[in-house]
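One structure is given below, encoded as structure tokens.
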Amino acid sequence: MVLSRPFRPVAGDVAATGRKGMISTSHPAATQAGLAALRRGGSAVDAYLAAAAVQTVVEPVMTTLAGTMMIAVFDPVTHRSHAIGHLGSIPEAEDGDLDAAARLSGRTVVAPGWVRAAHTAWTRWGRLPWAELFAEALAAARHGFVVDQMLWGWAFEYRTAAARYPEGREIWYPDGYMFGVGDVLRQPALARTIEQLAEQGPDYFYEGDFAKKYVETAQRHGGRLTLDDMAASQVIETPLEPLELLGGYELHTSGSLFALLLNLSALAATDDLYTRMRIIEEAWHHGLADVEKGYRIREPGEMADAVSPETAARLLPQVLNGEPRPYEAMNLGTNAIVVVDEDGVVAHGTHSATSTPFGVGLTVDGVIVPRPMFMCADPVVPVPDGWSTSLLAVRNGQPVFAASSPSISALQNVYQNTDNVLYRGVSAADSVRRPLFGSAQYPSRMPMVESTFGEDVIAEVERRGLGVTRVSPWEPEMGSCQAVHFGADGTLYGVADPRRLGRAAGY
């Protein structure tokens with residue numbers, strides 16, 4: 001039987017050490033699949049994809065083969081990083097003018113990104129056969145896995161969408177009632193799709209039988225997706241411009257906002273809760289100001305300038321002396337992974353439904369059709385320029401700390417944990433056990449704060465005019481830090497955030 005999540009954090013899963021390889025994910029079964037790929041001689045990207053494939057089965061409310069993927073890869077020979085991603089492609093005929101009814105229809109269906117991005121990354125960096133990457137995912141779909149409380153909780157929250165249509169009812173209501181904690185959940189239709197994807201590759205998904213059924217399903221429910229849209233969808237491939245951090249670090253990330261956050265934090269020289277929350281607010285609004293200028297291709301060096309130590313120094317007085325400035329929350333499901341292989345290659349990123357769980361309720365051959373938030377969130381929430389979910393800090397050409405997180409609080413989670421490790425002298429294992437603040441939950445604009453900060457600390461934040469929402473300890477919506485800290489002696493220290501009961505494992 002596929003490994004299941006524990007009911008409470010397991011110390012050996014939260015923190016692990018290794019000398020050759022390391023992986024951290026939010027589900028023990030995914031970690032096991034990735035670790036097995038590493039031990040078979042697979043690359044960091046092979047391990048990432050094997051783990052991610054399992055998550056499409058055992059964490060279906062967070063990710064789907066029809067979702068998105070963004071993966072960054074660090075090459076220890078060149079000391080450079082590249083990113084490959086696909087966030088889904090909006091149909092050519094879709095104008096995006098969706099009323100309330102359209103937001104619950106096939107109009108929300110876009111060309112999927114997960115498979116195209118995965119295959120492109122594998123083509124460039126993979127060593128194991130493509131089909132081999134799906135072996136554990138196929139077994140989990142075909143033979144089943146034990147439903148844990150986290151999967152059931154999220155599925156129950158979005159139960160109104162899960163079984164709107166017959167195919168969804170077959171999966172999530174197998175005997176006429178919704179699956180429960182402790183049930184063995186089998187997904188035979190998804191198993192058949194995974195099997196064909198493993199054998200035929202991405203052409204099956206974008207031009208073959210699956211693509212035809214995917215388009216037909218979208219159109220039957222009012223969508224505008226066509227086979228031409230599926231075939232034309234393209235992956236983004238780009239080198240990552242190193243961003244300067246104080247303390248002699250450089251940051252490799254598709255999320256430049258992390259550099260501004262960390263530079264502000266280094267200048268503020270405090271882990272005071274109020275100051276950290278104000279740093280997030282000001283950086284968020286700084287990123288929104290760039291979005292309001294309209295999308296454009298940045299000139300070389302322009303991104304680095306926007307988040308540089310000098311820019312942070314100019315913003316710092318507003319952080320320390322300005323009034324609190326709330327911002328809107330997002331709502332999406334995501335998974336995060338960090339992997340290091342025996343050659344020192346680092347893969348980090350997220351793959352996602354980019355959607356609320358189950359989307360609008362459509363399912364195609366066992367694959368959940370997501371409802372991408374960038375197109376049809378209700379309401380559409382502006383995302384600041386430079387927002388992302390993962391990073392790698394490098395010093396003198398050597399990796400120091402890699403981290404990634406899912407959730408509406410991904411930015412806040414990765415920022416706090418990276419700040420702890422780089423600037424506060426906190427070990428990664430201690431950092432993920434500390435209380436966190438996160439995003440607000442729509443429609444509130446008051447950020448979540450875990451009550452374990454203590455009443456005096458939280459009351460001081462409120463006294464200074466920053467409204468918060470107290471939440472229970474280990475809140476999953478705070479994200480889940482999947483991370484690796486690179487010791488000076490070559491030891492790899494992997495951590496998996498207790499909030500989502502994942503597992504870090506090395507060898």
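To be explicit about the labels: the chains of the structure tokens are called A, B, and onward in the order shown, and within each one the residues are counted from 1, while ligands get numbers from 1 in the order they are shown.
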Q) What's the 7 Å shell around Ser405 (chain A), counting only C-alpha atoms, without same-chain residues fewer than 4 positions away, as a ChimeraX atom specification? A) /A:336,389-390,410,413-414,479-482
**Q.** Spatial neighbours of region 325-335 of chain A, 9 Å, only C-alpha atoms, chain gap at least 5 places, as a PyMOL selection string
**A.** chain A and resi 25-26+52+55+59+61-63+278+281-282+284-285+349-357+372-373+377+380-383+404-409+439-447+466-467+480
Could you produce a table of the residues of region 166-255 of chain A lying within 12 Å of region 151-160 of chain A, with the nearest pair of atoms per residue and their separation in Å rounded to one decimal, using only C-alpha atoms, ordered by chain and increasing residue number, as JSON lines?
{"residue": "A:Gly168", "atom": "CA", "partner": "A:Arg159", "partner_atom": "CA", "distance": 10.5}
{"residue": "A:Arg169", "atom": "CA", "partner": "A:Arg159", "partner_atom": "CA", "distance": 10.5}
{"residue": "A:Trp172", "atom": "CA", "partner": "A:Ala155", "partner_atom": "CA", "distance": 8.9}
{"residue": "A:Tyr173", "atom": "CA", "partner": "A:Arg159", "partner_atom": "CA", "distance": 10.0}
{"residue": "A:Tyr177", "atom": "CA", "partner": "A:Arg159", "partner_atom": "CA", "distance": 11.0}
{"residue": "A:Met178", "atom": "CA", "partner": "A:Arg159", "partner_atom": "CA", "distance": 8.3}
{"residue": "A:Phe179", "atom": "CA", "partner": "A:Trp152", "partner_atom": "CA", "distance": 7.6}
{"residue": "A:Gly180", "atom": "CA", "partner": "A:Trp152", "partner_atom": "CA", "distance": 6.4}
{"residue": "A:Val181", "atom": "CA", "partner": "A:Trp152", "partner_atom": "CA", "distance": 6.2}
{"residue": "A:Gly182", "atom": "CA", "partner": "A:Trp152", "partner_atom": "CA", "distance": 9.5}
{"residue": "A:Asp183", "atom": "CA", "partner": "A:Trp152", "partner_atom": "CA", "distance": 10.0}
{"residue": "A:Leu185", "atom": "CA", "partner": "A:Trp152", "partner_atom": "CA", "distance": 11.0}
Go ahead and write the residues just picked, all heavy atoms, as an mmCIF file, in the first residue's frame.
data_model
loop_
_atom_site.group_PDB
_atom_site.id
_atom_site.type_symbol
_atom_site.label_atom_id
_atom_site.label_comp_id
_atom_site.auth_asym_id
_atom_site.auth_seq_id
_atom_site.Cartn_x
_atom_site.Cartn_y
_atom_site.Cartn_z
ATOM 1 N N GLY A 168 -17.098 12.835 -11.760
ATOM 2 C CA GLY A 168 -16.630 13.200 -10.427
ATOM 3 C C GLY A 168 -17.276 12.351 -9.351
ATOM 4 O O GLY A 168 -16.621 11.960 -8.372
ATOM 5 N N ARG A 169 -18.554 12.049 -9.521
ATOM 6 C CA ARG A 169 -19.236 11.215 -8.515
ATOM 7 C C ARG A 169 -18.630 9.814 -8.461
ATOM 8 O O ARG A 169 -18.528 9.212 -7.392
ATOM 9 C CB ARG A 169 -20.736 11.151 -8.820
ATOM 10 C CG ARG A 169 -21.464 12.452 -8.531
ATOM 11 C CD ARG A 169 -22.963 12.268 -8.467
ATOM 12 N NE ARG A 169 -23.557 11.978 -9.764
ATOM 13 C CZ ARG A 169 -23.913 12.900 -10.653
ATOM 14 N NH1 ARG A 169 -23.698 14.183 -10.406
ATOM 15 N NH2 ARG A 169 -24.472 12.561 -11.804
ATOM 16 N N TRP A 172 -15.153 10.472 -6.354
ATOM 17 C CA TRP A 172 -15.172 11.030 -5.004
ATOM 18 C C TRP A 172 -16.355 10.550 -4.166
ATOM 19 O O TRP A 172 -16.345 10.687 -2.949
ATOM 20 C CB TRP A 172 -15.162 12.564 -5.076
ATOM 21 C CG TRP A 172 -14.187 13.084 -6.077
ATOM 22 C CD1 TRP A 172 -14.458 13.834 -7.182
ATOM 23 C CD2 TRP A 172 -12.762 12.883 -6.095
ATOM 24 N NE1 TRP A 172 -13.319 14.119 -7.887
ATOM 25 C CE2 TRP A 172 -12.257 13.544 -7.244
ATOM 26 C CE3 TRP A 172 -11.870 12.217 -5.261
ATOM 27 C CZ2 TRP A 172 -10.906 13.547 -7.568
ATOM 28 C CZ3 TRP A 172 -10.524 12.230 -5.579
ATOM 29 C CH2 TRP A 172 -10.052 12.880 -6.714
ATOM 30 N N TYR A 173 -17.371 9.970 -4.815
ATOM 31 C CA TYR A 173 -18.524 9.376 -4.119
ATOM 32 C C TYR A 173 -18.660 7.924 -4.583
ATOM 33 O O TYR A 173 -19.641 7.535 -5.197
ATOM 34 C CB TYR A 173 -19.802 10.162 -4.442
ATOM 35 C CG TYR A 173 -19.924 11.496 -3.745
ATOM 36 C CD1 TYR A 173 -18.964 12.497 -3.912
ATOM 37 C CD2 TYR A 173 -21.001 11.762 -2.893
ATOM 38 C CE1 TYR A 173 -19.070 13.719 -3.275
ATOM 39 C CE2 TYR A 173 -21.120 12.987 -2.249
ATOM 40 C CZ TYR A 173 -20.146 13.960 -2.445
ATOM 41 O OH TYR A 173 -20.260 15.178 -1.801
ATOM 42 N N TYR A 177 -21.659 7.922 -1.518
ATOM 43 C CA TYR A 177 -21.339 8.865 -0.459
ATOM 44 C C TYR A 177 -19.884 9.310 -0.615
ATOM 45 O O TYR A 177 -19.046 8.560 -1.123
ATOM 46 C CB TYR A 177 -21.550 8.242 0.919
ATOM 47 C CG TYR A 177 -22.976 7.854 1.186
ATOM 48 C CD1 TYR A 177 -23.441 6.569 0.884
ATOM 49 C CD2 TYR A 177 -23.882 8.789 1.715
ATOM 50 C CE1 TYR A 177 -24.758 6.221 1.114
ATOM 51 C CE2 TYR A 177 -25.204 8.435 1.947
ATOM 52 C CZ TYR A 177 -25.634 7.159 1.634
ATOM 53 O OH TYR A 177 -26.947 6.832 1.841
ATOM 54 N N MET A 178 -19.598 10.509 -0.118
ATOM 55 C CA MET A 178 -18.236 11.023 -0.244
ATOM 56 C C MET A 178 -17.246 10.146 0.527
ATOM 57 O O MET A 178 -17.555 9.626 1.606
ATOM 58 C CB MET A 178 -18.176 12.453 0.295
ATOM 59 C CG MET A 178 -16.830 13.119 0.118
ATOM 60 S SD MET A 178 -16.864 14.821 0.723
ATOM 61 C CE MET A 178 -15.105 15.166 0.730
ATOM 62 N N PHE A 179 -16.048 9.975 -0.057
ATOM 63 C CA PHE A 179 -15.010 9.186 0.609
ATOM 64 C C PHE A 179 -14.699 9.775 1.984
ATOM 65 O O PHE A 179 -14.915 10.967 2.229
ATOM 66 C CB PHE A 179 -13.749 9.114 -0.255
ATOM 67 C CG PHE A 179 -13.041 10.432 -0.442
ATOM 68 C CD1 PHE A 179 -12.135 10.901 0.499
ATOM 69 C CD2 PHE A 179 -13.260 11.202 -1.571
ATOM 70 C CE1 PHE A 179 -11.472 12.106 0.334
ATOM 71 C CE2 PHE A 179 -12.598 12.422 -1.753
ATOM 72 C CZ PHE A 179 -11.705 12.867 -0.796
ATOM 73 N N GLY A 180 -14.165 8.944 2.874
ATOM 74 C CA GLY A 180 -13.885 9.389 4.232
ATOM 75 C C GLY A 180 -12.460 9.090 4.661
ATOM 76 O O GLY A 180 -11.718 8.376 3.981
ATOM 77 N N VAL A 181 -12.072 9.651 5.793
ATOM 78 C CA VAL A 181 -10.736 9.409 6.357
ATOM 79 C C VAL A 181 -10.575 7.918 6.634
ATOM 80 O O VAL A 181 -11.453 7.279 7.215
ATOM 81 C CB VAL A 181 -10.540 10.213 7.657
ATOM 82 C CG1 VAL A 181 -9.188 9.893 8.287
ATOM 83 C CG2 VAL A 181 -10.664 11.704 7.382
ATOM 84 N N GLY A 182 -9.461 7.354 6.193
ATOM 85 C CA GLY A 182 -9.190 5.936 6.386
ATOM 86 C C GLY A 182 -9.630 5.051 5.241
ATOM 87 O O GLY A 182 -9.221 3.888 5.163
ATOM 88 N N ASP A 183 -10.453 5.577 4.333
ATOM 89 C CA ASP A 183 -10.847 4.805 3.153
ATOM 90 C C ASP A 183 -9.645 4.600 2.233
ATOM 91 O O ASP A 183 -8.724 5.423 2.192
ATOM 92 C CB ASP A 183 -11.933 5.527 2.353
ATOM 93 C CG ASP A 183 -13.288 5.521 3.038
ATOM 94 O OD1 ASP A 183 -13.426 4.818 4.065
ATOM 95 O OD2 ASP A 183 -14.194 6.207 2.543
ATOM 96 N N LEU A 185 -8.739 4.940 -1.406
ATOM 97 C CA LEU A 185 -9.287 5.617 -2.577
ATOM 98 C C LEU A 185 -8.549 5.154 -3.828
ATOM 99 O O LEU A 185 -7.351 5.362 -3.975
ATOM 100 C CB LEU A 185 -9.141 7.134 -2.415
ATOM 101 C CG LEU A 185 -9.719 7.992 -3.550
ATOM 102 C CD1 LEU A 185 -11.226 7.796 -3.661
ATOM 103 C CD2 LEU A 185 -9.383 9.463 -3.334
#
(Q) Which residues are close to region 233-242 of chain A, i.e. within 9 Å by only C-alpha atoms, leaving aside same-chain residues fewer than 2 positions away? Reply as a PyMOL selection string. (A) chain A and resi 72+80-90+111-113+116-117+120+206+228-231+244+250-254+300-301+303-304
Given the selection you just returned, output its residues as a file containing N, CA, C and O atoms, formatted as a short mmCIF file (atom, residue, chain, number, x, y, z; two decimals), in the first residue's frame.
data_model
loop_
_atom_site.label_atom_id
_atom_site.label_comp_id
_atom_site.auth_asym_id
_atom_site.auth_seq_id
_atom_site.Cartn_x
_atom_site.Cartn_y
_atom_site.Cartn_z
N ALA A 72 12.68 25.34 -11.15
CA ALA A 72 13.97 25.99 -11.35
C ALA A 72 15.08 24.98 -11.05
O ALA A 72 14.96 24.17 -10.12
N ARG A 80 24.81 28.54 -12.39
CA ARG A 80 23.67 29.29 -12.91
C ARG A 80 22.39 28.48 -12.75
O ARG A 80 22.43 27.25 -12.61
N SER A 81 21.27 29.18 -12.80
CA SER A 81 19.96 28.53 -12.70
C SER A 81 19.11 28.86 -13.91
O SER A 81 19.22 29.96 -14.48
N HIS A 82 18.26 27.92 -14.29
CA HIS A 82 17.28 28.12 -15.35
C HIS A 82 15.92 27.69 -14.84
O HIS A 82 15.81 26.80 -13.99
N ALA A 83 14.89 28.31 -15.37
CA ALA A 83 13.52 27.96 -14.99
C ALA A 83 12.75 27.50 -16.21
O ALA A 83 12.93 28.03 -17.32
N ILE A 84 11.91 26.51 -16.00
CA ILE A 84 10.98 26.03 -17.01
C ILE A 84 9.59 26.02 -16.40
O ILE A 84 9.41 25.54 -15.28
N GLY A 85 8.63 26.57 -17.11
CA GLY A 85 7.29 26.63 -16.55
C GLY A 85 6.22 26.73 -17.62
O GLY A 85 6.48 27.08 -18.77
N HIS A 86 5.02 26.38 -17.21
CA HIS A 86 3.84 26.52 -18.06
C HIS A 86 2.66 26.76 -17.12
O HIS A 86 2.32 25.89 -16.32
N LEU A 87 2.06 27.93 -17.22
CA LEU A 87 0.97 28.31 -16.33
C LEU A 87 -0.39 28.13 -16.98
O LEU A 87 -1.40 28.66 -16.50
N GLY A 88 -0.44 27.35 -18.07
CA GLY A 88 -1.69 27.17 -18.78
C GLY A 88 -1.86 28.27 -19.82
O GLY A 88 -1.40 29.39 -19.63
N SER A 89 -2.48 27.93 -20.94
CA SER A 89 -2.67 28.88 -22.03
C SER A 89 -4.14 29.16 -22.24
O SER A 89 -4.94 28.23 -22.46
N ILE A 90 -4.52 30.42 -22.17
CA ILE A 90 -5.91 30.81 -22.38
C ILE A 90 -6.28 30.59 -23.85
O ILE A 90 -5.49 30.91 -24.74
N ALA A 111 -5.63 25.46 -21.81
CA ALA A 111 -4.71 24.38 -22.18
C ALA A 111 -3.79 24.08 -21.01
O ALA A 111 -3.17 24.98 -20.45
N PRO A 112 -3.68 22.81 -20.58
CA PRO A 112 -2.90 22.47 -19.39
C PRO A 112 -1.41 22.75 -19.54
O PRO A 112 -0.87 22.75 -20.65
N GLY A 113 -0.75 22.95 -18.40
CA GLY A 113 0.68 23.25 -18.42
C GLY A 113 1.57 22.19 -17.81
O GLY A 113 2.74 22.08 -18.16
N ARG A 116 3.36 19.46 -20.26
CA ARG A 116 4.30 20.06 -21.20
C ARG A 116 5.56 20.55 -20.47
O ARG A 116 6.69 20.33 -20.93
N ALA A 117 5.38 21.18 -19.32
CA ALA A 117 6.53 21.66 -18.56
C ALA A 117 7.37 20.50 -18.04
O ALA A 117 8.61 20.53 -18.08
N THR A 120 9.39 18.94 -20.88
CA THR A 120 10.48 19.82 -21.30
C THR A 120 11.63 19.77 -20.30
O THR A 120 12.81 19.71 -20.69
N TYR A 206 -1.80 16.37 -25.48
CA TYR A 206 -2.06 17.63 -26.17
C TYR A 206 -2.63 17.48 -27.59
O TYR A 206 -3.18 18.43 -28.13
N ASP A 228 -6.43 23.19 -31.55
CA ASP A 228 -5.33 24.07 -31.94
C ASP A 228 -4.72 24.76 -30.73
O ASP A 228 -3.50 24.93 -30.65
N ASP A 229 -5.57 25.18 -29.77
CA ASP A 229 -5.07 25.78 -28.54
C ASP A 229 -4.19 24.79 -27.77
O ASP A 229 -3.14 25.16 -27.25
N MET A 230 -4.64 23.54 -27.71
CA MET A 230 -3.87 22.53 -26.99
C MET A 230 -2.51 22.32 -27.64
O MET A 230 -1.47 22.30 -26.96
N ALA A 231 -2.50 22.17 -28.95
CA ALA A 231 -1.25 21.89 -29.66
C ALA A 231 -0.29 23.07 -29.62
O ALA A 231 0.93 22.88 -29.64
N GLU A 244 20.97 40.37 -6.09
CA GLU A 244 21.86 40.65 -4.98
C GLU A 244 21.11 40.68 -3.66
O GLU A 244 20.08 41.32 -3.52
N GLU A 250 23.48 35.71 -3.20
CA GLU A 250 22.69 36.03 -4.38
C GLU A 250 21.51 35.08 -4.42
O GLU A 250 21.58 33.94 -3.91
N LEU A 251 20.42 35.53 -5.00
CA LEU A 251 19.18 34.77 -5.00
C LEU A 251 18.86 34.32 -6.41
O LEU A 251 18.86 35.12 -7.35
N HIS A 252 18.58 33.01 -6.56
CA HIS A 252 18.14 32.44 -7.83
C HIS A 252 16.66 32.09 -7.68
O HIS A 252 16.31 31.17 -6.94
N THR A 253 15.81 32.82 -8.36
CA THR A 253 14.37 32.63 -8.20
C THR A 253 13.63 33.31 -9.35
O THR A 253 14.13 34.27 -9.94
N SER A 254 12.44 32.79 -9.64
CA SER A 254 11.56 33.49 -10.58
C SER A 254 10.74 34.53 -9.84
O SER A 254 9.98 35.27 -10.46
N PRO A 300 17.65 44.06 -19.32
CA PRO A 300 18.63 43.39 -18.44
C PRO A 300 19.00 44.27 -17.25
O PRO A 300 19.30 45.44 -17.39
N GLY A 301 18.97 43.68 -16.08
CA GLY A 301 19.33 44.42 -14.87
C GLY A 301 18.18 45.18 -14.24
O GLY A 301 18.28 45.59 -13.08
N MET A 303 15.13 44.14 -13.37
CA MET A 303 14.53 43.41 -12.27
C MET A 303 15.41 43.49 -11.03
O MET A 303 14.92 43.71 -9.91
N ALA A 304 16.71 43.32 -11.22
CA ALA A 304 17.64 43.39 -10.09
C ALA A 304 17.58 44.75 -9.42
O ALA A 304 17.62 44.86 -8.19
#
Q.
Report, in Å to a single decimal, how far apart CA of Tyr415 (chain A) and CA of Ala289 (chain A) are.
A.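 About the pair CA of Ala289 (chain A) and CA of Tyr415 (chain A): they are 20.4 Å apart.
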Q.
Could you go through region 285-466 of chain A and tell me which residues DSSP, when run on the backbone, assigns to helix (DSSP H, G or I), listing them as a ChimeraX atom specification?
A. /A:285-292,302-306,309-321,373-376,410-423,428-431,451-453,455-463
Find the residues near Gln187 (chain A): any atom within 7 Å, counting only C-alpha atoms, skip ones fewer than 4 places away on the same chain, and give them as a PDB file with N, CA and C atoms, in the first residue's frame.
ATOM      1  N   ALA A 141      -2.652   5.245  -8.103  1.00  0.00           N
ATOM      2  CA  ALA A 141      -3.978   5.420  -8.709  1.00  0.00           C
ATOM      3  C   ALA A 141      -4.690   4.088  -8.873  1.00  0.00           C
ATOM      4  N   ARG A 142      -3.956   3.073  -9.292  1.00  0.00           N
ATOM      5  CA  ARG A 142      -4.578   1.777  -9.586  1.00  0.00           C
ATOM      6  C   ARG A 142      -4.942   1.014  -8.318  1.00  0.00           C
ATOM      7  N   GLY A 144      -4.689   2.235  -5.048  1.00  0.00           N
ATOM      8  CA  GLY A 144      -5.283   3.071  -4.015  1.00  0.00           C
ATOM      9  C   GLY A 144      -4.312   3.487  -2.932  1.00  0.00           C
ATOM     10  N   ILE A 171     -15.602   9.004  -8.814  1.00  0.00           N
ATOM     11  CA  ILE A 171     -14.311   9.022  -8.102  1.00  0.00           C
ATOM     12  C   ILE A 171     -14.486   9.367  -6.632  1.00  0.00           C
ATOM     13  N   ALA A 191      -5.625   6.141 -13.457  1.00  0.00           N
ATOM     14  CA  ALA A 191      -4.561   5.156 -13.704  1.00  0.00           C
ATOM     15  C   ALA A 191      -4.406   4.893 -15.197  1.00  0.00           C
ATOM     16  N   GLY A 366     -10.405  10.860 -15.392  1.00  0.00           N
ATOM     17  CA  GLY A 366      -9.832  10.836 -14.054  1.00  0.00           C
ATOM     18  C   GLY A 366      -9.017  12.050 -13.689  1.00  0.00           C
TER      19      GLY A 366
END
Q) What is the CA of Trp474 (chain A)-CA of Ile458 (chain A) distance in Å, reported with one decimal? A)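 That distance, rounded to one decimal, is 16.4 Å.
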Q. If you run DSSP on this backbone, which residues of region 99-325 of chain A come out as strand (DSSP E), and could you give them as a PyMOL selection string?
A. chain A and resi 145-146+184-185+236-239+243-245+249-252
